[in-house]
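Asker: Let me begin by handing over the structure; questions about it come next.
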Amino acid sequence: MRTVIASLCAACAIGFAPDSCAAEEPSDKDPISKYLVDVDGGSVAAASLISLDKSAVTTIQRAQDLAVVLKPFGGDKESAGFGMSITPARTELIPVSGRSYYENPLVRLGSNLTLSYAQNDKDVGEKKYKQYAYSLDTHYYFERDQDPSVLFSVKWKDCADSNRESNNKKLGEFNAKYPPGKLTDAARKELQAVTEERRTLLGDCARTAMKAAQAWNAARISVSLGGGRIAANSGGQKYTLGRRFAVNGLVGVGPGAINVTVQRVQRALDLESLKTTPDFKSSTLAGIRYTFPGSTEDSRTRFLVELSNARSSSTGVFNEAFIYAMGFDYRIYDLKDLPIWLSLRAGKNRSIESGKEQTTVLLNLRLQRNSSLPVLPTE
Amino acid sequence: MTDIHISVHNVRTTRNPQITLSDSSGAHTELTLYIEGNPPIAAAFNYREGSVSVPVDLPPGLYSCRFFVQAYHYRGDGTLNPTYDVECRIDNMPCAAADGSFLPDTSASGVADFELEVV
C-alpha cells in the first residue's frame, strides 16, 4: 500500500495545476478531476478530445458567425488550432419556439443538441501531425419545469408581470409624446432604448429568481458522442483517435444526488506510440457517485462517495480513475464571486508505473468560482 | 437593438370584442395593445403560456389602436433563440403581427397604429 500526495497548493489563482498530476490538462481544469469518474454532461466536446483550449472555440450564434469561422479552412489560419460549437435550436438557423420546447420532449432533447468540431497541430517526436475531432452532446431534464430554459422563462415572466405598471407607464408616456400619425424614427429609437433598459432589468430579476429556484439535483440525463482522426502533415500516416461515448444520469435522493455514468472508449490511439508502432486501446468505465451537500442550506461542505469498475476495465485509457474513493470540498473563505475551496479525495486506484493498486490522497486548495461538487442556490 | 416591423390591419367588429395576444417566439416577448380611452392590454409570454384572451367592453364607435412588441434575448440564460413571432387578433381577426430575428443578447421593439370600428 502506498500513499501519494498528488496535489497541494495554497490559495493560488485559477489555473494552478501541479506537473505531477495535471501536465496535460487545460489550465482551468481541476487537477483532481481526472482521478474521478466524469459525471458532467457534454464532456466529449470536440475541443477536449484533442486538448484544444476552450478559448479557441467559437460559438456559432448567427449565420454570419458560421461564415467567419469557416474561413480558416481555406486560409493561413489553418495551421492554428481552432474549433466551433453550435446548438442549432439556440440560433436563428433552426429557430425553435418556446411553446414547442415546453410541449414536446423530443424537441427539448433536440434543442439541447450541440455539435462541435475542432482541429489543431500536434508534434509527436520529430513529426508534425494535424488532429481533427467532432462531438455531439445533448441533455434532457426529466421534469420539464426544472429544465433551465423553462425555469428561466417562467421566472422571467414573473418578473415582467410584477414590473408591468412600470412598462405601461413608460409606454403611456411614449403614446402621449408620439400620438397616432407621429411615429417617427426618433420615436422608434426612443422605444428601443426603453426596451433595452427593460431587458436588463428583467434579465437581472430572472437570473436571481432562477438561482433561488433551481434544484442542483434535478433528474437529468446527458449523452455524448465524439471521435477524431490524426494525420501526418507530410502525408501517409492517418489514424483514428478513437471514438468516445458517454451517458450520464443524475437523480436526486433527499438533499443529495446519485450520478451514474458509463463511458466507452473505442480504438483510442496512444499518441506516444506514433513514434514506434501505433497502439490502440479500448475500455469501458462505469461509475456511481453519491453526493451529499450538507443538511442545511448554508452548508460549506460537500461530501462524495464513488465506486467504479476501473480495476477491470481501465487498461491504458482511464489509468488514474479511482476504483473507490471518498472525499469532501470545504469552502474555507468567501471572497466575492471567488471563494477558496479545499478539496480532499482519498481512495484506491492503480499505479501507472507498476499497475498495482495504491492508496491515493489528493489535496487541493484553490480559488474557484464553484466547488467541483454542486453549487447550491444559496451560493 | 432592432426595429420590429409590424404589419397591421384595420378591423371592424361588433360590441365587446375578444382580444387575443399570442406568441410563438424563441425569444421572450411582451405585447401591449392600447385601445383609445381604455387601459392597456398587456402580456408577457413564457414557454408555458403562449396566448391570452380578454374581453373588452367597447360601445360602438371608431377607436385608434396602438400595438407594441418588445422582444428580449439573454445569451446563456436559457432563452432559446433571438426570434419573434407574435400576433394580435380581435374577435379572431388579425389586426397586428410580426415575425423575424434580431441580434443575440439584445432586444428588439416595434410599434404600429391601426383603427378598430365597433358597430
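Following the order of the C-alpha cells, chains are lettered A, B, ..., residues in each are numbered from 1, and ligands are numbered from 1.
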I'd like the contact shell of range 323-325 of chain A - 7 Å cut-off, only C-alpha atoms, skipping same-chain residues fewer than 3 positions apart - returned as an MDAnalysis selection string.
Answerer: chainID A and resid 305:311 345:349
Asker: Keeping only N, CA, C and O atoms, write those residues as a PDB file, in the first residue's frame.
Answerer:
```pdb
ATOM      1  N   VAL A 305     -19.022   9.970  -2.255  1.00  0.00           N
ATOM      2  CA  VAL A 305     -18.521   8.597  -2.232  1.00  0.00           C
ATOM      3  C   VAL A 305     -18.670   8.079  -3.649  1.00  0.00           C
ATOM      4  O   VAL A 305     -19.690   8.336  -4.305  1.00  0.00           O
ATOM      5  N   GLU A 306     -17.649   7.370  -4.125  1.00  0.00           N
ATOM      6  CA  GLU A 306     -17.689   6.954  -5.529  1.00  0.00           C
ATOM      7  C   GLU A 306     -17.147   5.535  -5.689  1.00  0.00           C
ATOM      8  O   GLU A 306     -16.183   5.156  -5.034  1.00  0.00           O
ATOM      9  N   LEU A 307     -17.782   4.807  -6.575  1.00  0.00           N
ATOM     10  CA  LEU A 307     -17.314   3.458  -6.925  1.00  0.00           C
ATOM     11  C   LEU A 307     -17.228   3.363  -8.439  1.00  0.00           C
ATOM     12  O   LEU A 307     -18.054   3.935  -9.142  1.00  0.00           O
ATOM     13  N   SER A 308     -16.225   2.651  -8.938  1.00  0.00           N
ATOM     14  CA  SER A 308     -16.153   2.452 -10.385  1.00  0.00           C
ATOM     15  C   SER A 308     -15.599   1.068 -10.694  1.00  0.00           C
ATOM     16  O   SER A 308     -15.098   0.370  -9.802  1.00  0.00           O
ATOM     17  N   ASN A 309     -15.678   0.705 -11.958  1.00  0.00           N
ATOM     18  CA  ASN A 309     -15.133  -0.586 -12.376  1.00  0.00           C
ATOM     19  C   ASN A 309     -13.713  -0.425 -12.915  1.00  0.00           C
ATOM     20  O   ASN A 309     -13.253  -1.223 -13.706  1.00  0.00           O
ATOM     21  N   ALA A 310     -13.035   0.645 -12.502  1.00  0.00           N
ATOM     22  CA  ALA A 310     -11.716   0.961 -13.057  1.00  0.00           C
ATOM     23  C   ALA A 310     -10.744  -0.218 -12.944  1.00  0.00           C
ATOM     24  O   ALA A 310      -9.879  -0.394 -13.796  1.00  0.00           O
ATOM     25  N   ARG A 311     -10.882  -1.050 -11.957  1.00  0.00           N
ATOM     26  CA  ARG A 311      -9.956  -2.157 -11.748  1.00  0.00           C
ATOM     27  C   ARG A 311      -9.875  -3.071 -12.979  1.00  0.00           C
ATOM     28  O   ARG A 311      -8.797  -3.394 -13.453  1.00  0.00           O
ATOM     29  N   ARG A 345      -9.619  14.198  -1.631  1.00  0.00           N
ATOM     30  CA  ARG A 345     -10.117  12.929  -2.150  1.00  0.00           C
ATOM     31  C   ARG A 345      -9.153  11.839  -1.703  1.00  0.00           C
ATOM     32  O   ARG A 345      -7.927  12.013  -1.782  1.00  0.00           O
ATOM     33  N   ALA A 346      -9.686  10.725  -1.266  1.00  0.00           N
ATOM     34  CA  ALA A 346      -8.845   9.595  -0.876  1.00  0.00           C
ATOM     35  C   ALA A 346      -9.481   8.326  -1.390  1.00  0.00           C
ATOM     36  O   ALA A 346     -10.706   8.162  -1.320  1.00  0.00           O
ATOM     37  N   GLY A 347      -8.686   7.456  -1.935  1.00  0.00           N
ATOM     38  CA  GLY A 347      -9.242   6.207  -2.437  1.00  0.00           C
ATOM     39  C   GLY A 347      -8.194   5.325  -3.051  1.00  0.00           C
ATOM     40  O   GLY A 347      -6.998   5.594  -2.957  1.00  0.00           O
ATOM     41  N   LYS A 348      -8.666   4.264  -3.671  1.00  0.00           N
ATOM     42  CA  LYS A 348      -7.772   3.293  -4.322  1.00  0.00           C
ATOM     43  C   LYS A 348      -7.801   3.519  -5.822  1.00  0.00           C
ATOM     44  O   LYS A 348      -8.853   3.659  -6.423  1.00  0.00           O
ATOM     45  N   ASN A 349      -6.619   3.542  -6.416  1.00  0.00           N
ATOM     46  CA  ASN A 349      -6.538   3.500  -7.875  1.00  0.00           C
ATOM     47  C   ASN A 349      -5.323   2.661  -8.237  1.00  0.00           C
ATOM     48  O   ASN A 349      -4.688   2.054  -7.373  1.00  0.00           O
TER      49      ASN A 349
END
```
Asker: Please run DSSP on the backbone and report, as a ChimeraX atom specification, all residues within range 105-165 of chain A that come out as strand (DSSP E or B).
Answerer: /A:114-124,127-141
Asker: Among range 104-292 of chain A, which residues carry a DSSP assignment of alpha helix (DSSP H), reported as a VMD selection string?
Answerer: chain A and resid 105 to 111 148 to 162 164 to 177 185 to 213
Asker: Each residue of chain B with at least one atom at most 9 Å from chain A should appear once, together with its nearest atom pair and the corresponding distance in Å (one decimal); atoms considered: only C-alpha atoms; ordering: chain, then increasing residue number; output as JSON lines.
Answerer:
```
{"residue": "B:Met1", "atom": "CA", "partner": "A:Gln192", "partner_atom": "CA", "distance": 6.3}
{"residue": "B:Thr2", "atom": "CA", "partner": "A:Gln192", "partner_atom": "CA", "distance": 7.4}
{"residue": "B:Asp3", "atom": "CA", "partner": "A:Arg188", "partner_atom": "CA", "distance": 7.1}
{"residue": "B:Asp23", "atom": "CA", "partner": "A:Arg99", "partner_atom": "CA", "distance": 8.5}
{"residue": "B:Ser24", "atom": "CA", "partner": "A:Ser97", "partner_atom": "CA", "distance": 5.4}
{"residue": "B:Ser25", "atom": "CA", "partner": "A:Ser97", "partner_atom": "CA", "distance": 4.9}
{"residue": "B:Gly26", "atom": "CA", "partner": "A:Ser97", "partner_atom": "CA", "distance": 4.3}
{"residue": "B:Ala27", "atom": "CA", "partner": "A:Gly98", "partner_atom": "CA", "distance": 7.6}
{"residue": "B:His28", "atom": "CA", "partner": "A:Ser153", "partner_atom": "CA", "distance": 7.4}
{"residue": "B:Glu30", "atom": "CA", "partner": "A:Ala160", "partner_atom": "CA", "distance": 8.3}
{"residue": "B:Thr32", "atom": "CA", "partner": "A:Asn168", "partner_atom": "CA", "distance": 8.2}
{"residue": "B:Tyr34", "atom": "CA", "partner": "A:Gly172", "partner_atom": "CA", "distance": 8.9}
{"residue": "B:Pro40", "atom": "CA", "partner": "A:Asn168", "partner_atom": "CA", "distance": 7.3}
{"residue": "B:Ala42", "atom": "CA", "partner": "A:Arg164", "partner_atom": "CA", "distance": 8.1}
{"residue": "B:Ala43", "atom": "CA", "partner": "A:Asp161", "partner_atom": "CA", "distance": 7.7}
{"residue": "B:Ala44", "atom": "CA", "partner": "A:Lys157", "partner_atom": "CA", "distance": 5.8}
{"residue": "B:Phe45", "atom": "CA", "partner": "A:Lys157", "partner_atom": "CA", "distance": 6.3}
{"residue": "B:Asn46", "atom": "CA", "partner": "A:Ser153", "partner_atom": "CA", "distance": 5.0}
{"residue": "B:Tyr47", "atom": "CA", "partner": "A:Gly98", "partner_atom": "CA", "distance": 4.4}
{"residue": "B:Arg48", "atom": "CA", "partner": "A:Tyr102", "partner_atom": "CA", "distance": 6.2}
{"residue": "B:Glu49", "atom": "CA", "partner": "A:Arg99", "partner_atom": "CA", "distance": 7.3}
{"residue": "B:Gly50", "atom": "CA", "partner": "A:Arg99", "partner_atom": "CA", "distance": 6.4}
{"residue": "B:Ser64", "atom": "CA", "partner": "A:Pro180", "partner_atom": "CA", "distance": 7.6}
{"residue": "B:Cys65", "atom": "CA", "partner": "A:Pro180", "partner_atom": "CA", "distance": 8.4}
{"residue": "B:Arg66", "atom": "CA", "partner": "A:Pro180", "partner_atom": "CA", "distance": 7.9}
{"residue": "B:Phe68", "atom": "CA", "partner": "A:Leu171", "partner_atom": "CA", "distance": 8.5}
{"residue": "B:Gln70", "atom": "CA", "partner": "A:Thr195", "partner_atom": "CA", "distance": 6.3}
{"residue": "B:Ala71", "atom": "CA", "partner": "A:Thr195", "partner_atom": "CA", "distance": 8.0}
{"residue": "B:Tyr72", "atom": "CA", "partner": "A:Arg199", "partner_atom": "CA", "distance": 5.9}
{"residue": "B:His73", "atom": "CA", "partner": "A:Arg199", "partner_atom": "CA", "distance": 7.9}
{"residue": "B:Tyr74", "atom": "CA", "partner": "A:Gly203", "partner_atom": "CA", "distance": 7.1}
{"residue": "B:Asp77", "atom": "CA", "partner": "A:Phe152", "partner_atom": "CA", "distance": 6.9}
{"residue": "B:Gly78", "atom": "CA", "partner": "A:Ser149", "partner_atom": "CA", "distance": 4.0}
{"residue": "B:Thr79", "atom": "CA", "partner": "A:Ser149", "partner_atom": "CA", "distance": 6.2}
{"residue": "B:Leu80", "atom": "CA", "partner": "A:Arg90", "partner_atom": "CA", "distance": 4.7}
{"residue": "B:Asn81", "atom": "CA", "partner": "A:Arg90", "partner_atom": "CA", "distance": 4.5}
{"residue": "B:Pro82", "atom": "CA", "partner": "A:Glu92", "partner_atom": "CA", "distance": 6.4}
{"residue": "B:Thr83", "atom": "CA", "partner": "A:Glu92", "partner_atom": "CA", "distance": 6.4}
{"residue": "B:Tyr84", "atom": "CA", "partner": "A:Ser97", "partner_atom": "CA", "distance": 8.6}
{"residue": "B:Asp85", "atom": "CA", "partner": "A:Ser97", "partner_atom": "CA", "distance": 8.6}
{"residue": "B:Ser101", "atom": "CA", "partner": "A:Glu92", "partner_atom": "CA", "distance": 6.8}
{"residue": "B:Phe102", "atom": "CA", "partner": "A:Glu92", "partner_atom": "CA", "distance": 8.5}
{"residue": "B:Leu103", "atom": "CA", "partner": "A:Arg62", "partner_atom": "CA", "distance": 8.2}
{"residue": "B:Pro104", "atom": "CA", "partner": "A:Gln61", "partner_atom": "CA", "distance": 7.2}
{"residue": "B:Thr106", "atom": "CA", "partner": "A:Glu196", "partner_atom": "CA", "distance": 7.1}
{"residue": "B:Ser107", "atom": "CA", "partner": "A:Glu196", "partner_atom": "CA", "distance": 5.6}
{"residue": "B:Ala108", "atom": "CA", "partner": "A:Gln192", "partner_atom": "CA", "distance": 6.6}
{"residue": "B:Ser109", "atom": "CA", "partner": "A:Gln192", "partner_atom": "CA", "distance": 5.7}
{"residue": "B:Gly110", "atom": "CA", "partner": "A:Arg188", "partner_atom": "CA", "distance": 7.1}
{"residue": "B:Val111", "atom": "CA", "partner": "A:Arg188", "partner_atom": "CA", "distance": 7.5}
{"residue": "B:Ala112", "atom": "CA", "partner": "A:Leu183", "partner_atom": "CA", "distance": 8.0}
{"residue": "B:Asp113", "atom": "CA", "partner": "A:Pro180", "partner_atom": "CA", "distance": 6.6}
{"residue": "B:Phe114", "atom": "CA", "partner": "A:Pro180", "partner_atom": "CA", "distance": 8.8}
```
Asker: Taking 4 positions as the minimum chain separation for residues in the same chain, which residues sit within 8 Å of Tyr63 in chain B when counting only C-alpha atoms? Answer as a list in words.
Answerer: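 These residues fall inside the cut-off: Ile35, Glu36, Glu115, Leu116, Glu117 and Val118 of chain B.
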Asker: Selected residues, all heavy atoms, written as a compact mmCIF listing (two decimals), in the first residue's frame, please.
Answerer:
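Output contents, as saved in out-v2.txt:
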```txt
# COMPACT_ATOMS: atom_id res chain seq x y z
N ILE B 35 -56.09 50.60 -26.71
CA ILE B 35 -57.30 50.99 -27.45
C ILE B 35 -57.74 52.32 -26.86
O ILE B 35 -57.91 52.43 -25.63
CB ILE B 35 -58.41 49.93 -27.31
CG1 ILE B 35 -57.93 48.58 -27.85
CG2 ILE B 35 -59.67 50.37 -28.04
CD1 ILE B 35 -58.91 47.43 -27.64
N GLU B 36 -57.87 53.28 -27.71
CA GLU B 36 -58.18 54.66 -27.28
C GLU B 36 -59.23 54.69 -26.16
O GLU B 36 -60.29 54.07 -26.27
CB GLU B 36 -58.70 55.41 -28.51
CG GLU B 36 -58.98 56.86 -28.31
CD GLU B 36 -59.59 57.46 -29.59
OE1 GLU B 36 -59.70 56.74 -30.62
OE2 GLU B 36 -59.97 58.63 -29.56
N GLU B 115 -56.84 51.04 -36.80
CA GLU B 115 -58.15 51.51 -36.31
C GLU B 115 -59.10 50.34 -36.10
O GLU B 115 -59.08 49.36 -36.87
CB GLU B 115 -58.76 52.51 -37.29
CG GLU B 115 -58.03 53.84 -37.25
CD GLU B 115 -58.73 54.92 -38.05
OE1 GLU B 115 -59.54 54.57 -38.94
OE2 GLU B 115 -58.47 56.10 -37.78
N LEU B 116 -59.90 50.48 -35.06
CA LEU B 116 -60.90 49.46 -34.74
C LEU B 116 -62.28 50.13 -34.81
O LEU B 116 -62.52 51.13 -34.12
CB LEU B 116 -60.64 48.90 -33.33
CG LEU B 116 -61.75 48.05 -32.72
CD1 LEU B 116 -61.98 46.77 -33.52
CD2 LEU B 116 -61.42 47.71 -31.27
N GLU B 117 -63.15 49.56 -35.62
CA GLU B 117 -64.51 50.10 -35.70
C GLU B 117 -65.47 49.11 -35.05
O GLU B 117 -65.53 47.94 -35.43
CB GLU B 117 -64.92 50.34 -37.17
CG GLU B 117 -66.26 51.03 -37.27
CD GLU B 117 -66.69 51.26 -38.72
OE1 GLU B 117 -65.97 50.82 -39.64
OE2 GLU B 117 -67.76 51.85 -38.92
N VAL B 118 -66.18 49.58 -34.05
CA VAL B 118 -67.17 48.72 -33.37
C VAL B 118 -68.56 49.19 -33.79
O VAL B 118 -68.88 50.37 -33.69
CB VAL B 118 -67.01 48.83 -31.83
CG1 VAL B 118 -68.07 47.98 -31.13
CG2 VAL B 118 -65.62 48.40 -31.42
```
Asker: For CA of Asn104 in chain A and CA of Gly226 in chain A, quote the distance in Å rounded to one decimal.
Answerer: 26.3 Å
Asker: Contacts of range 287-297 of chain A at 7 Å or less, counting only C-alpha atoms, minus same-chain residues fewer than 4 places along, as an mmCIF file with N, CA and C atoms, in the first residue's frame?
Answerer:
```cif
data_model
loop_
_atom_site.group_PDB
_atom_site.id
_atom_site.type_symbol
_atom_site.label_atom_id
_atom_site.label_comp_id
_atom_site.auth_asym_id
_atom_site.auth_seq_id
_atom_site.Cartn_x
_atom_site.Cartn_y
_atom_site.Cartn_z
ATOM 1 N N VAL A 37 -14.542 9.686 -11.794
ATOM 2 C CA VAL A 37 -15.377 9.382 -12.959
ATOM 3 C C VAL A 37 -16.063 10.683 -13.358
ATOM 4 N N PRO A 255 -31.566 15.343 0.042
ATOM 5 C CA PRO A 255 -30.824 16.567 -0.299
ATOM 6 C C PRO A 255 -29.660 16.292 -1.241
ATOM 7 N N GLY A 256 -29.343 15.018 -1.433
ATOM 8 C CA GLY A 256 -28.194 14.652 -2.252
ATOM 9 C C GLY A 256 -28.592 14.181 -3.633
ATOM 10 N N ALA A 257 -27.631 13.539 -4.289
ATOM 11 C CA ALA A 257 -27.901 13.048 -5.643
ATOM 12 C C ALA A 257 -27.016 11.860 -5.945
ATOM 13 N N ILE A 258 -27.537 10.991 -6.787
ATOM 14 C CA ILE A 258 -26.747 9.873 -7.291
ATOM 15 C C ILE A 258 -26.480 10.102 -8.769
ATOM 16 N N ASN A 259 -25.214 10.014 -9.128
ATOM 17 C CA ASN A 259 -24.803 10.063 -10.533
ATOM 18 C C ASN A 259 -24.425 8.665 -10.973
ATOM 19 N N VAL A 260 -24.895 8.287 -12.133
ATOM 20 C CA VAL A 260 -24.448 7.035 -12.742
ATOM 21 C C VAL A 260 -23.882 7.389 -14.102
ATOM 22 N N THR A 261 -22.726 6.867 -14.410
ATOM 23 C CA THR A 261 -22.122 7.221 -15.694
ATOM 24 C C THR A 261 -21.451 6.018 -16.339
ATOM 25 N N VAL A 262 -21.547 5.961 -17.639
ATOM 26 C CA VAL A 262 -20.847 4.920 -18.411
ATOM 27 C C VAL A 262 -20.105 5.618 -19.549
ATOM 28 N N THR A 301 -19.840 22.539 3.182
ATOM 29 C CA THR A 301 -19.139 21.297 2.860
ATOM 30 C C THR A 301 -19.957 20.407 1.944
ATOM 31 N N ARG A 302 -19.279 19.759 1.002
ATOM 32 C CA ARG A 302 -19.895 18.736 0.152
ATOM 33 C C ARG A 302 -19.143 17.434 0.404
ATOM 34 N N PHE A 303 -19.869 16.345 0.419
ATOM 35 C CA PHE A 303 -19.231 15.047 0.589
ATOM 36 C C PHE A 303 -19.552 14.184 -0.628
ATOM 37 N N LEU A 304 -18.640 13.274 -0.937
ATOM 38 C CA LEU A 304 -18.953 12.334 -2.010
ATOM 39 C C LEU A 304 -18.346 10.964 -1.728
ATOM 40 N N VAL A 305 -19.022 9.970 -2.255
ATOM 41 C CA VAL A 305 -18.521 8.597 -2.232
ATOM 42 C C VAL A 305 -18.670 8.079 -3.649
ATOM 43 N N GLU A 306 -17.649 7.370 -4.125
ATOM 44 C CA GLU A 306 -17.689 6.954 -5.529
ATOM 45 C C GLU A 306 -17.147 5.535 -5.689
ATOM 46 N N LEU A 307 -17.782 4.807 -6.575
ATOM 47 C CA LEU A 307 -17.314 3.458 -6.925
ATOM 48 C C LEU A 307 -17.228 3.363 -8.439
ATOM 49 N N SER A 308 -16.225 2.651 -8.938
ATOM 50 C CA SER A 308 -16.153 2.452 -10.385
ATOM 51 C C SER A 308 -15.599 1.068 -10.694
ATOM 52 N N ASN A 309 -15.678 0.705 -11.958
ATOM 53 C CA ASN A 309 -15.133 -0.586 -12.376
ATOM 54 C C ASN A 309 -13.713 -0.425 -12.915
ATOM 55 N N THR A 378 -28.089 28.850 -2.501
ATOM 56 C CA THR A 378 -27.725 29.913 -1.558
ATOM 57 C C THR A 378 -26.354 30.488 -1.864
#
```
Asker: Using only C-alpha atoms for the distances, tell me which of A:Ser354, A:Ser299, A:Ser343, A:Thr58 is nearest to Arg366 in chain A.
Answerer: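 That would be A:Ser343, the residue with the smallest distance to Arg366 in chain A.
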Asker: Name all residues at most 9 Å from Gly110 in chain A (count only C-alpha atoms; drop same-chain ones fewer than 4 positions away) and give them as a ChimeraX atom specification.
Answerer: /A:88-89,105-106,114,138-139
Asker: Now that the selection is made, can you save its residues with all heavy atoms as a short mmCIF file (atom, residue, chain, number, x, y, z; two decimals), in the first residue's frame?
Answerer:
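Listing of selection_13.cif after writing:
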```cif
data_model
loop_
_atom_site.label_atom_id
_atom_site.label_comp_id
_atom_site.auth_asym_id
_atom_site.auth_seq_id
_atom_site.Cartn_x
_atom_site.Cartn_y
_atom_site.Cartn_z
N PRO A 88 -27.95 24.34 -32.72
CA PRO A 88 -28.79 24.94 -33.76
C PRO A 88 -30.08 25.58 -33.25
O PRO A 88 -30.45 26.67 -33.71
CB PRO A 88 -29.09 23.76 -34.69
CG PRO A 88 -27.93 22.84 -34.51
CD PRO A 88 -27.55 22.97 -33.06
N ALA A 89 -30.73 24.95 -32.30
CA ALA A 89 -32.01 25.50 -31.84
C ALA A 89 -31.85 26.80 -31.07
O ALA A 89 -32.82 27.51 -30.84
CB ALA A 89 -32.73 24.48 -30.96
N PRO A 105 -41.21 16.64 -25.65
CA PRO A 105 -39.94 16.13 -25.09
C PRO A 105 -38.86 15.94 -26.15
O PRO A 105 -37.68 16.20 -25.89
CB PRO A 105 -40.34 14.78 -24.49
CG PRO A 105 -41.80 14.85 -24.28
CD PRO A 105 -42.35 15.76 -25.35
N LEU A 106 -39.27 15.51 -27.35
CA LEU A 106 -38.27 15.30 -28.41
C LEU A 106 -37.66 16.62 -28.86
O LEU A 106 -36.46 16.69 -29.18
CB LEU A 106 -38.91 14.58 -29.61
CG LEU A 106 -39.22 13.11 -29.38
CD1 LEU A 106 -39.91 12.52 -30.61
CD2 LEU A 106 -37.95 12.31 -29.07
N THR A 114 -25.77 19.90 -29.12
CA THR A 114 -24.65 20.77 -29.50
C THR A 114 -23.70 19.99 -30.39
O THR A 114 -23.29 18.88 -30.03
CB THR A 114 -23.91 21.28 -28.25
OG1 THR A 114 -24.80 22.06 -27.48
CG2 THR A 114 -22.71 22.14 -28.64
N THR A 138 -25.89 16.17 -25.93
CA THR A 138 -27.21 16.70 -25.57
C THR A 138 -27.56 16.30 -24.15
O THR A 138 -26.88 15.46 -23.55
CB THR A 138 -28.30 16.22 -26.55
OG1 THR A 138 -29.52 16.94 -26.29
CG2 THR A 138 -28.58 14.73 -26.42
N HIS A 139 -28.58 16.94 -23.62
CA HIS A 139 -29.04 16.58 -22.28
C HIS A 139 -30.55 16.76 -22.21
O HIS A 139 -31.15 17.44 -23.05
CB HIS A 139 -28.34 17.43 -21.21
CG HIS A 139 -28.64 18.89 -21.31
ND1 HIS A 139 -27.86 19.76 -22.03
CD2 HIS A 139 -29.65 19.64 -20.80
CE1 HIS A 139 -28.37 20.98 -21.95
NE2 HIS A 139 -29.46 20.93 -21.21
#
```
